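Text of the file protein10.csv, holding CSV, C-alpha atoms:
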```csv
chain,number,residue,atom,x,y,z
A,1266,MET,CA,218.7,-7.1,66.5
A,1267,ASP,CA,220.0,-4.9,63.7
A,1268,THR,CA,223.4,-5.8,62.2
A,1269,PRO,CA,225.9,-3.3,60.8
A,1270,CYS,CA,225.8,-2.7,57.0
A,1271,TYR,CA,228.7,-4.0,55.1
A,1272,LEU,CA,228.6,-1.1,52.6
A,1273,ASP,CA,230.7,2.0,53.2
A,1274,ARG,CA,227.7,4.1,54.1
A,1275,SER,CA,224.8,4.2,56.6
A,1276,CYS,CA,221.5,2.5,55.8
A,1277,GLU,CA,218.7,1.0,57.7
A,1278,ILE,CA,217.9,-2.7,58.0
A,1279,VAL,CA,215.2,-3.3,55.4
A,1280,SER,CA,214.1,-6.6,56.8
A,1281,LYS,CA,212.9,-6.8,60.4
A,1282,ARG,CA,213.2,-10.6,60.7
A,1283,ALA,CA,215.3,-11.7,63.6
A,1284,GLY,CA,218.8,-12.6,62.6
A,1285,ALA,CA,218.7,-10.7,59.2
A,1286,GLN,CA,222.3,-10.1,58.2
A,1287,TYR,CA,222.0,-7.8,55.1
A,1288,CYS,CA,220.2,-4.7,54.3
A,1289,THR,CA,220.1,-5.2,50.5
A,1290,GLY,CA,221.5,-7.4,47.8
A,1291,ALA,CA,224.3,-4.9,47.4
A,1292,CYS,CA,225.1,-5.3,51.1
A,1293,ARG,CA,225.3,-9.1,50.7
A,1294,ILE,CA,227.7,-8.7,47.7
A,1295,ALA,CA,229.8,-6.3,49.7
A,1296,ALA,CA,230.0,-8.8,52.6
A,1297,TYR,CA,231.1,-11.5,50.2
A,1298,ARG,CA,233.9,-9.3,48.8
A,1299,LEU,CA,235.0,-8.4,52.3
A,1300,ARG,CA,235.4,-12.1,53.2
A,1301,HIS,CA,237.4,-12.8,50.0
A,1302,LYS,CA,239.6,-9.7,50.2
A,1303,PRO,CA,243.3,-10.5,50.4
A,1304,LEU,CA,244.9,-10.0,53.8
A,1305,PRO,CA,246.9,-6.7,54.4
A,1306,SER,CA,250.5,-7.0,53.5
A,1307,THR,CA,251.8,-7.0,57.0
A,1308,TRP,CA,253.7,-10.2,56.8
A,1309,TRP,CA,256.9,-8.5,55.7
A,1310,ASP,CA,257.0,-5.2,57.7
A,1311,GLY,CA,255.9,-3.3,54.6
A,1312,LYS,CA,258.5,-4.9,52.3
A,1313,GLU,CA,256.9,-7.2,49.8
A,1314,PRO,CA,259.1,-10.2,49.1
A,1315,ARG,CA,260.5,-11.1,45.7
A,1316,PHE,CA,261.5,-14.5,44.7
A,1317,SER,CA,265.1,-14.8,43.8
A,1318,THR,CA,265.9,-15.1,40.1
A,1319,ALA,CA,269.6,-15.8,40.7
A,1320,PRO,CA,271.0,-19.2,39.8
A,1321,SER,CA,269.9,-21.6,42.5
A,1322,ARG,CA,272.4,-23.1,44.9
A,1323,VAL,CA,270.1,-26.1,45.3
A,1324,LYS,CA,271.2,-29.0,43.2
A,1325,ASN,CA,269.1,-31.7,41.5
A,1326,SER,CA,269.9,-35.4,42.0
A,1327,ASP,CA,271.7,-35.3,38.6
A,1328,GLY,CA,273.9,-32.4,39.7
A,1329,THR,CA,272.2,-29.7,37.6
A,1330,PRO,CA,271.0,-26.5,39.3
A,1331,ALA,CA,267.4,-26.6,40.6
A,1332,LEU,CA,264.8,-24.1,39.4
A,1333,THR,CA,265.1,-20.8,41.2
A,1334,ARG,CA,262.3,-20.1,43.7
A,1335,GLY,CA,260.9,-17.5,41.3
A,1336,GLU,CA,260.8,-20.1,38.5
A,1337,LEU,CA,259.3,-22.7,40.8
A,1338,ALA,CA,256.7,-20.2,41.9
A,1339,GLU,CA,255.5,-19.6,38.4
A,1340,ARG,CA,255.3,-23.4,37.7
A,1341,LEU,CA,253.3,-24.0,40.9
A,1342,LEU,CA,250.9,-21.2,39.8
A,1343,GLU,CA,250.4,-23.0,36.5
A,1344,ILE,CA,249.8,-26.3,38.4
A,1345,ALA,CA,247.3,-24.6,40.7
A,1346,SER,CA,245.2,-23.3,37.8
A,1347,GLY,CA,245.7,-26.0,35.2
A,1348,ASP,CA,245.9,-29.4,36.9
A,1349,ASP,CA,242.9,-31.3,38.3
A,1350,ASP,CA,240.7,-28.8,36.5
A,1351,GLY,CA,242.0,-26.1,38.9
A,1352,GLU,CA,240.5,-27.8,42.0
A,1353,PRO,CA,242.3,-27.2,45.4
A,1354,LYS,CA,245.1,-29.6,46.1
A,1355,THR,CA,247.2,-30.7,49.1
A,1356,GLY,CA,250.8,-29.8,49.4
A,1357,ARG,CA,251.6,-33.4,48.7
A,1358,ARG,CA,249.7,-33.3,45.4
A,1359,PHE,CA,251.6,-30.2,44.4
A,1360,TYR,CA,254.8,-32.0,45.2
A,1361,TYR,CA,254.0,-35.0,43.0
A,1362,LEU,CA,252.7,-32.9,40.1
A,1363,ALA,CA,255.9,-30.8,40.2
A,1364,LEU,CA,257.9,-34.0,40.3
A,1365,SER,CA,256.0,-35.3,37.2
A,1366,TYR,CA,256.8,-32.2,35.2
A,1367,GLY,CA,260.5,-32.3,36.2
A,1368,TYR,CA,260.3,-29.0,38.2
A,1369,ILE,CA,261.9,-30.8,41.1
A,1370,LYS,CA,264.4,-33.7,40.8
A,1371,PRO,CA,265.1,-35.2,44.2
A,1372,ASP,CA,267.0,-38.5,44.8
A,1373,MET,CA,264.5,-41.3,44.6
A,1374,GLY,CA,266.8,-43.9,46.2
A,1375,ASP,CA,266.6,-45.8,49.5
A,1376,THR,CA,269.4,-44.1,51.4
A,1377,ALA,CA,269.1,-41.6,54.3
A,1378,GLU,CA,270.5,-38.9,52.0
A,1379,ALA,CA,267.9,-39.7,49.3
A,1380,LYS,CA,265.1,-39.3,51.9
A,1381,ALA,CA,266.6,-36.0,53.0
A,1382,SER,CA,266.7,-34.9,49.4
A,1383,ARG,CA,262.9,-35.7,49.0
A,1384,ASP,CA,262.1,-34.0,52.3
A,1385,ALA,CA,264.0,-30.9,51.2
A,1386,ALA,CA,262.2,-30.8,47.9
A,1387,TYR,CA,258.8,-31.2,49.6
A,1388,ASP,CA,259.7,-28.4,52.1
A,1389,ARG,CA,260.7,-26.2,49.1
A,1390,ILE,CA,257.3,-26.7,47.4
A,1391,THR,CA,255.3,-26.0,50.6
A,1392,GLY,CA,257.5,-23.0,51.4
A,1393,VAL,CA,257.0,-21.4,48.0
A,1394,LEU,CA,253.2,-22.1,48.2
A,1395,GLY,CA,253.1,-20.4,51.5
A,1396,THR,CA,254.9,-17.3,50.2
A,1397,LEU,CA,252.6,-17.1,47.2
A,1398,ARG,CA,249.6,-17.1,49.4
A,1399,LYS,CA,251.0,-14.4,51.7
A,1400,MET,CA,251.8,-12.3,48.6
A,1401,GLY,CA,248.2,-12.6,47.4
A,1402,ARG,CA,249.2,-14.4,44.2
A,1403,LEU,CA,247.6,-17.7,45.2
A,1404,ASP,CA,244.2,-18.0,46.8
A,1405,TRP,CA,244.4,-19.4,50.3
A,1406,ASP,CA,241.7,-22.0,49.5
A,1407,LYS,CA,243.8,-23.5,46.6
A,1408,VAL,CA,246.1,-25.4,49.0
A,1409,LEU,CA,244.3,-27.9,51.3
A,1410,ASP,CA,245.2,-28.6,54.9
A,1411,LEU,CA,243.5,-31.9,55.8
A,1412,THR,CA,244.6,-31.8,59.5
A,1413,ARG,CA,243.3,-28.5,60.7
A,1414,GLU,CA,239.8,-27.1,60.1
A,1415,LEU,CA,237.7,-24.2,61.2
A,1416,ASP,CA,234.2,-25.1,62.2
A,1417,GLU,CA,231.5,-22.6,61.6
A,1418,TRP,CA,227.7,-22.7,62.2
A,1419,GLN,CA,225.6,-23.0,59.0
A,1420,THR,CA,223.3,-20.0,58.8
A,1421,TYR,CA,221.0,-18.6,56.2
A,1422,GLY,CA,219.9,-15.2,55.2
A,1423,SER,CA,216.3,-16.0,54.8
A,1424,PRO,CA,213.8,-19.0,54.9
A,1425,ARG,CA,213.9,-18.9,51.1
A,1426,GLU,CA,217.6,-19.4,51.1
A,1427,ALA,CA,217.3,-22.2,53.6
A,1428,ARG,CA,214.7,-24.0,51.4
A,1429,ALA,CA,217.0,-23.6,48.3
A,1430,ALA,CA,219.8,-25.2,50.3
A,1431,LEU,CA,217.6,-28.0,51.4
A,1432,ARG,CA,216.5,-28.7,47.9
A,1433,GLU,CA,220.1,-28.9,46.7
A,1434,ARG,CA,221.0,-31.3,49.5
A,1435,TYR,CA,217.9,-33.5,49.3
A,1436,ASP,CA,218.6,-37.0,48.1
A,1437,GLU,CA,217.3,-40.5,48.3
A,1438,ASP,CA,218.8,-44.0,48.2
A,1439,ARG,CA,219.8,-44.3,44.5
A,1440,TRP,CA,221.1,-47.9,44.9
A,1441,LEU,CA,217.8,-49.5,45.7
A,1442,GLY,CA,217.2,-52.3,43.2
A,1443,GLN,CA,220.7,-52.3,41.8
A,1444,PRO,CA,222.6,-55.6,41.8
A,1445,TYR,CA,225.3,-54.5,44.3
A,1446,PHE,CA,226.1,-51.7,46.8
A,1447,PRO,CA,229.5,-50.0,46.4
A,1448,ILE,CA,231.8,-48.3,48.8
A,1449,PHE,CA,235.1,-46.4,48.1
A,1450,ILE,CA,238.0,-46.7,50.5
A,1451,VAL,CA,241.4,-44.9,50.1
A,1452,GLU,CA,244.6,-45.5,52.0
A,1453,LYS,CA,245.4,-42.0,53.1
A,1454,ASP,CA,244.0,-38.5,53.6
A,1455,THR,CA,246.0,-37.0,50.7
A,1456,MET,CA,243.8,-38.9,48.3
A,1457,GLU,CA,240.5,-37.8,49.9
A,1458,PRO,CA,240.2,-34.5,48.0
A,1459,VAL,CA,240.8,-36.4,44.7
A,1460,CYS,CA,238.6,-39.4,45.3
A,1461,GLN,CA,235.8,-38.2,47.6
A,1462,PRO,CA,234.1,-36.1,44.9
A,1463,MET,CA,234.0,-39.2,42.7
A,1464,ALA,CA,232.3,-41.2,45.5
A,1465,GLN,CA,229.9,-38.3,46.0
A,1466,ARG,CA,229.0,-38.1,42.4
A,1467,TRP,CA,228.0,-41.8,42.5
A,1468,ARG,CA,226.4,-41.3,46.0
A,1469,MET,CA,228.5,-44.2,47.4
A,1470,PRO,CA,229.9,-44.3,51.0
A,1471,PHE,CA,233.5,-43.1,51.3
A,1472,ALA,CA,236.2,-43.7,53.9
A,1473,SER,CA,239.9,-42.8,54.4
A,1474,SER,CA,241.7,-45.6,56.1
A,1475,ARG,CA,244.7,-43.4,57.2
A,1476,GLY,CA,247.1,-46.3,56.9
A,1477,TYR,CA,246.3,-49.4,58.9
A,1478,SER,CA,242.8,-48.5,59.9
A,1479,SER,CA,241.4,-48.5,63.4
A,1480,LEU,CA,239.3,-51.4,64.4
A,1481,LYS,CA,236.4,-49.0,65.0
A,1482,LEU,CA,236.4,-47.8,61.3
A,1483,GLN,CA,236.5,-51.4,60.0
A,1484,HIS,CA,233.7,-52.2,62.4
A,1485,ASP,CA,231.6,-49.2,61.3
A,1486,VAL,CA,232.1,-50.0,57.6
A,1487,ALA,CA,231.2,-53.7,58.2
A,1488,GLU,CA,228.1,-52.8,60.2
A,1489,MET,CA,226.9,-50.5,57.5
A,1490,LEU,CA,227.4,-53.1,54.8
A,1491,ASN,CA,225.8,-55.9,56.9
A,1492,HIS,CA,222.8,-53.8,57.7
A,1493,ARG,CA,222.5,-53.0,54.0
A,1494,HIS,CA,222.6,-56.7,53.0
A,1495,ALA,CA,220.0,-57.5,55.7
A,1496,ARG,CA,217.7,-54.8,54.4
A,1497,THR,CA,218.1,-55.1,50.6
A,1498,GLY,CA,219.9,-58.4,50.0
A,1499,GLN,CA,222.7,-56.5,48.2
A,1500,ARG,CA,226.3,-57.7,48.4
A,1501,ALA,CA,229.0,-55.2,48.6
A,1502,ILE,CA,231.6,-54.1,46.0
A,1503,VAL,CA,234.6,-52.5,47.7
A,1504,TYR,CA,236.6,-50.1,45.6
A,1505,PHE,CA,240.1,-49.6,47.1
A,1506,ILE,CA,243.1,-47.4,46.5
A,1507,SER,CA,246.5,-47.7,48.1
A,1508,ASP,CA,250.2,-47.2,47.4
A,1509,LEU,CA,251.9,-49.8,45.2
A,1510,ASP,CA,254.4,-50.8,47.9
A,1511,PRO,CA,254.7,-53.6,50.5
A,1512,SER,CA,252.6,-51.8,53.1
A,1513,GLY,CA,249.9,-50.6,50.6
A,1514,LEU,CA,249.3,-54.1,49.3
A,1515,ASP,CA,249.3,-55.5,52.8
A,1516,LEU,CA,246.8,-52.8,53.8
A,1517,GLN,CA,244.4,-54.1,51.1
A,1518,ARG,CA,244.8,-57.7,52.5
A,1519,ALA,CA,244.1,-56.3,56.0
A,1520,TRP,CA,240.8,-54.7,54.9
A,1521,GLU,CA,239.7,-57.8,53.0
A,1522,GLU,CA,240.4,-59.9,56.1
A,1523,ALA,CA,238.7,-57.6,58.5
A,1524,LEU,CA,235.5,-57.4,56.5
A,1525,THR,CA,235.5,-61.2,56.1
A,1526,ASN,CA,235.9,-61.5,59.9
A,1527,PHE,CA,233.0,-59.2,60.5
A,1528,GLY,CA,230.8,-61.4,58.3
A,1529,VAL,CA,230.4,-58.9,55.3
A,1530,ARG,CA,229.3,-60.5,52.1
A,1531,VAL,CA,231.6,-58.9,49.6
A,1532,SER,CA,230.9,-59.7,46.0
A,1533,GLU,CA,234.2,-58.2,44.7
A,1534,PHE,CA,237.2,-56.2,46.2
A,1535,VAL,CA,238.3,-54.0,43.3
A,1536,ARG,CA,241.8,-52.4,43.3
A,1537,ILE,CA,241.1,-49.1,41.5
A,1538,GLY,CA,244.7,-48.1,42.0
A,1539,LEU,CA,247.6,-48.1,42.2
A,1540,THR,CA,248.5,-50.9,39.8
A,1541,ARG,CA,251.6,-51.6,37.8
A,1542,GLU,CA,249.7,-51.1,34.6
A,1543,GLN,CA,248.7,-47.6,35.7
A,1544,VAL,CA,252.4,-46.9,36.5
A,1545,ASP,CA,253.6,-48.1,33.1
A,1546,ASP,CA,251.0,-45.9,31.4
A,1547,LEU,CA,252.2,-42.6,33.1
A,1548,ASP,CA,253.5,-39.9,30.7
A,1549,SER,CA,256.2,-38.9,33.2
A,1550,ALA,CA,259.3,-41.0,33.1
A,1551,ARG,CA,260.2,-39.4,36.4
A,1552,LEU,CA,257.1,-40.8,38.1
A,1553,ARG,CA,257.5,-44.2,36.4
A,1554,GLU,CA,260.9,-44.4,38.1
A,1555,GLY,CA,259.4,-44.7,41.5
A,1556,ILE,CA,261.2,-45.0,44.9
A,1557,ALA,CA,263.5,-47.8,46.0
A,1558,VAL,CA,261.9,-50.4,48.2
A,1559,LYS,CA,263.3,-50.5,51.7
A,1560,PRO,CA,264.9,-53.9,52.2
A,1561,SER,CA,264.3,-53.5,56.0
A,1562,ASP,CA,260.5,-53.8,55.4
A,1563,SER,CA,259.4,-57.2,56.5
A,1564,ARG,CA,257.2,-57.5,53.5
A,1565,ALA,CA,259.8,-56.3,51.0
A,1566,LYS,CA,260.9,-59.8,49.8
A,1567,ARG,CA,257.5,-60.9,48.7
A,1568,TYR,CA,256.8,-57.6,47.1
A,1569,ILE,CA,260.1,-57.5,45.2
A,1570,GLU,CA,259.5,-61.0,43.8
A,1571,GLN,CA,256.3,-59.7,42.2
A,1572,TYR,CA,256.9,-56.0,41.3
A,1573,GLY,CA,260.7,-55.5,41.5
A,1574,GLU,CA,262.8,-53.2,43.6
A,1575,ARG,CA,260.8,-50.0,43.0
A,1576,CYS,CA,257.5,-48.8,44.6
A,1577,TRP,CA,255.1,-45.9,44.0
A,1578,GLU,CA,252.6,-43.7,45.9
A,1579,THR,CA,249.0,-43.3,44.8
A,1580,ASP,CA,249.5,-39.5,44.7
A,1581,ILE,CA,251.2,-39.9,41.2
A,1582,LEU,CA,247.9,-40.9,39.6
A,1583,PRO,CA,246.0,-38.3,37.7
A,1584,ALA,CA,242.5,-37.8,38.9
A,1585,ALA,CA,241.1,-38.6,35.4
A,1586,VAL,CA,242.7,-42.1,35.5
A,1587,ILE,CA,241.1,-42.9,38.9
A,1588,GLU,CA,237.8,-41.6,37.8
A,1589,GLN,CA,237.8,-43.5,34.5
A,1590,ALA,CA,238.7,-46.8,36.3
A,1591,LEU,CA,235.9,-46.2,38.9
A,1592,ASP,CA,233.3,-45.2,36.3
A,1593,ASP,CA,234.2,-48.1,33.9
A,1594,HIS,CA,233.8,-50.7,36.6
A,1595,VAL,CA,230.5,-49.3,38.1
A,1596,ARG,CA,229.0,-49.1,34.7
A,1597,SER,CA,229.9,-52.7,34.0
A,1598,TRP,CA,227.3,-53.9,36.4
A,1599,LEU,CA,225.0,-50.9,36.9
A,1600,ASP,CA,221.4,-51.0,35.8
A,1601,GLY,CA,221.6,-47.6,33.9
A,1602,LYS,CA,217.9,-47.3,33.2
A,1603,LEU,CA,217.0,-47.8,36.8
A,1604,TRP,CA,219.6,-45.3,37.8
A,1605,GLN,CA,218.2,-42.6,35.5
A,1606,ARG,CA,214.7,-43.4,36.6
A,1607,ARG,CA,215.6,-42.9,40.3
A,1608,ALA,CA,217.4,-39.7,39.5
A,1609,ALA,CA,214.3,-38.3,37.8
A,1610,GLU,CA,212.1,-39.4,40.8
A,1611,ILE,CA,214.5,-37.6,43.2
A,1612,GLU,CA,214.4,-34.4,41.1
A,1613,ARG,CA,210.6,-34.4,41.1
A,1614,ALA,CA,210.7,-34.7,44.9
A,1615,ARG,CA,213.1,-31.7,45.2
A,1616,VAL,CA,210.7,-29.5,43.3
A,1617,LEU,CA,208.0,-30.2,46.0
A,1618,LEU,CA,210.3,-28.8,48.8
```
Whole structure given in structure tokens:
Amino acid sequence: MDTPCYLDRSCEIVSKRAGAQYCTGACRIAAYRLRHKPLPSTWWDGKEPRFSTAPSRVKNSDGTPALTRGELAERLLEIASGDDDGEPKTGRRFYYLALSYGYIKPDMGDTAEAKASRDAAYDRITGVLGTLRKMGRLDWDKVLDLTRELDEWQTYGSPREARAALRERYDEDRWLGQPYFPIFIVEKDTMEPVCQPMAQRWRMPFASSRGYSSLKLQHDVAEMLNHRHARTGQRAIVYFISDLDPSGLDLQRAWEEALTNFGVRVSEFVRIGLTREQVDDLDSARLREGIAVKPSDSRAKRYIEQYGERCWETDILPAAVIEQALDDHVRSWLDGKLWQRRAAEIERARVLL
């Protein structure tokens, strides 16, 4: 069935293959541009908003005026394009990056007022990000929403395009023959966009625990690792990231205990982050300050004895620090020559597709 041309003219479908979407290469380009065209400015009843440049009535925790929304908008645009190599980020990541640069200065204490101050600062960040996107100044894809997704069918414009996609995705088990088999587990979804590409680059399994994980996820991870050991004899190395706070440390204990109970042979459980050494190495004094530990937490006493009365979230860690820690440990035991040889074999197989 013929499909309408995406160009502003009439033309005939050149290809008669069923399902052909585009008349020409120019039509394909026009369709791409249409998909990425900014939405019409109907959000504001025809009146484009302007961020206020008047002195802000919002106060920082030290009593100084906060940045105006206009100033904060410019700083967030810089963060969007400059930090994490310009990769998309969650609102939470924008918040912590803004905090590290001192663009926001909420109260980091343990009182209800302090929590309200942090919540207000976070809402201000997400509010400005939303306005920037509606104005067309920030691409919609630059801010990640990990809780809501649009599912679409994967389609191709031609068999050639499908074969090219298959070649790109084709892979084989790169860990065969290596001393160990690794897996990367993170505490929460906000770290997924940062850490999953690192796991993908190493072709290692990845899981987001989402706090105290479900028994089903722990079982699935254990079953995969046990099956691997039965098939190859490889023991697992678990790379783990969680907040440096009472719950984050206990979450690591819970995972170690669960895998042991499921009979997994773990060679090493490696805490890639967050560690106190990583906190101390941060450039930002604001981030090194951390948040006051809640005395009401049942695990607080033991934590305070070891780390003091401040805690920190993993979101403060630069992606480069995490990547360096992961790469250094993997390379400490990896058979590099075997890894390169397997990569070459897989590349030759791709050419045959």
#### Entry: Residues within 12 Å of Asp1562 in chain A, all atoms listed in the file, excluding chain neighbours under 5 positions, as a ChimeraX atom specification
/A:1375,1510-1512,1515,1557,1567-1569
#### Entry: All residues 8 Å or closer to range 1321-1331 of chain A, only C-alpha atoms, same chain fewer than 5 positions away omitted, as a PyMOL selection string
chain A and resi 1368-1372
Output of the above residues as a compact mmCIF listing (two decimals), in the coordinates of the input, restricted to C-alpha atoms:
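For reference, out_5.txt as written:
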```txt
# COMPACT_ATOMS: atom_id res chain seq x y z
CA TYR A 1368 260.30 -29.00 38.20
CA ILE A 1369 261.90 -30.80 41.10
CA LYS A 1370 264.40 -33.70 40.80
CA PRO A 1371 265.10 -35.20 44.20
CA ASP A 1372 267.00 -38.50 44.80
```
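Using only C-alpha atoms, the nearest neighbour of Pro1470 in chain A within the list A:Arg1493, A:Lys1453, A:Arg1425, A:Lys1399 is A:Arg1493.
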### Task
Give me, please, the distance in Å between CA of Ala1464 in chain A and CA of Ala1609 in chain A, quoted to one decimal.
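So the answer is 19.8 Å.
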### Task
Counting only C-alpha atoms, figure out which residue out of A:Gln1461, A:Asn1526, A:Ser1507, A:Ser1563 gets nearest to Gln1483 in chain A.
A:Asn1526
### Message
Can you measure CA of Gly1476 in chain A to CA of Pro1447 in chain A for me? One decimal in Å is fine.
### Response
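Separation between CA of Gly1476 in chain A and CA of Pro1447 in chain A: 20.8 Å.
Distances to Ile1556 in chain A were evaluated for A:Cys1576, A:Met1400, A:Leu1415, A:Ala1614 using all atoms listed in the file, and the minimum falls at A:Cys1576.
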### Task
Using all atoms listed in the file, determine which residues lie at most 8 Å from range 1358-1362 of chain A, disregarding the query and same-chain residues fewer than 4 positions distant; provide the list as an MDAnalysis selection string.
chainID A and resid 1341 1344:1345 1354 1366 1386:1387 1390 1455 1580:1581
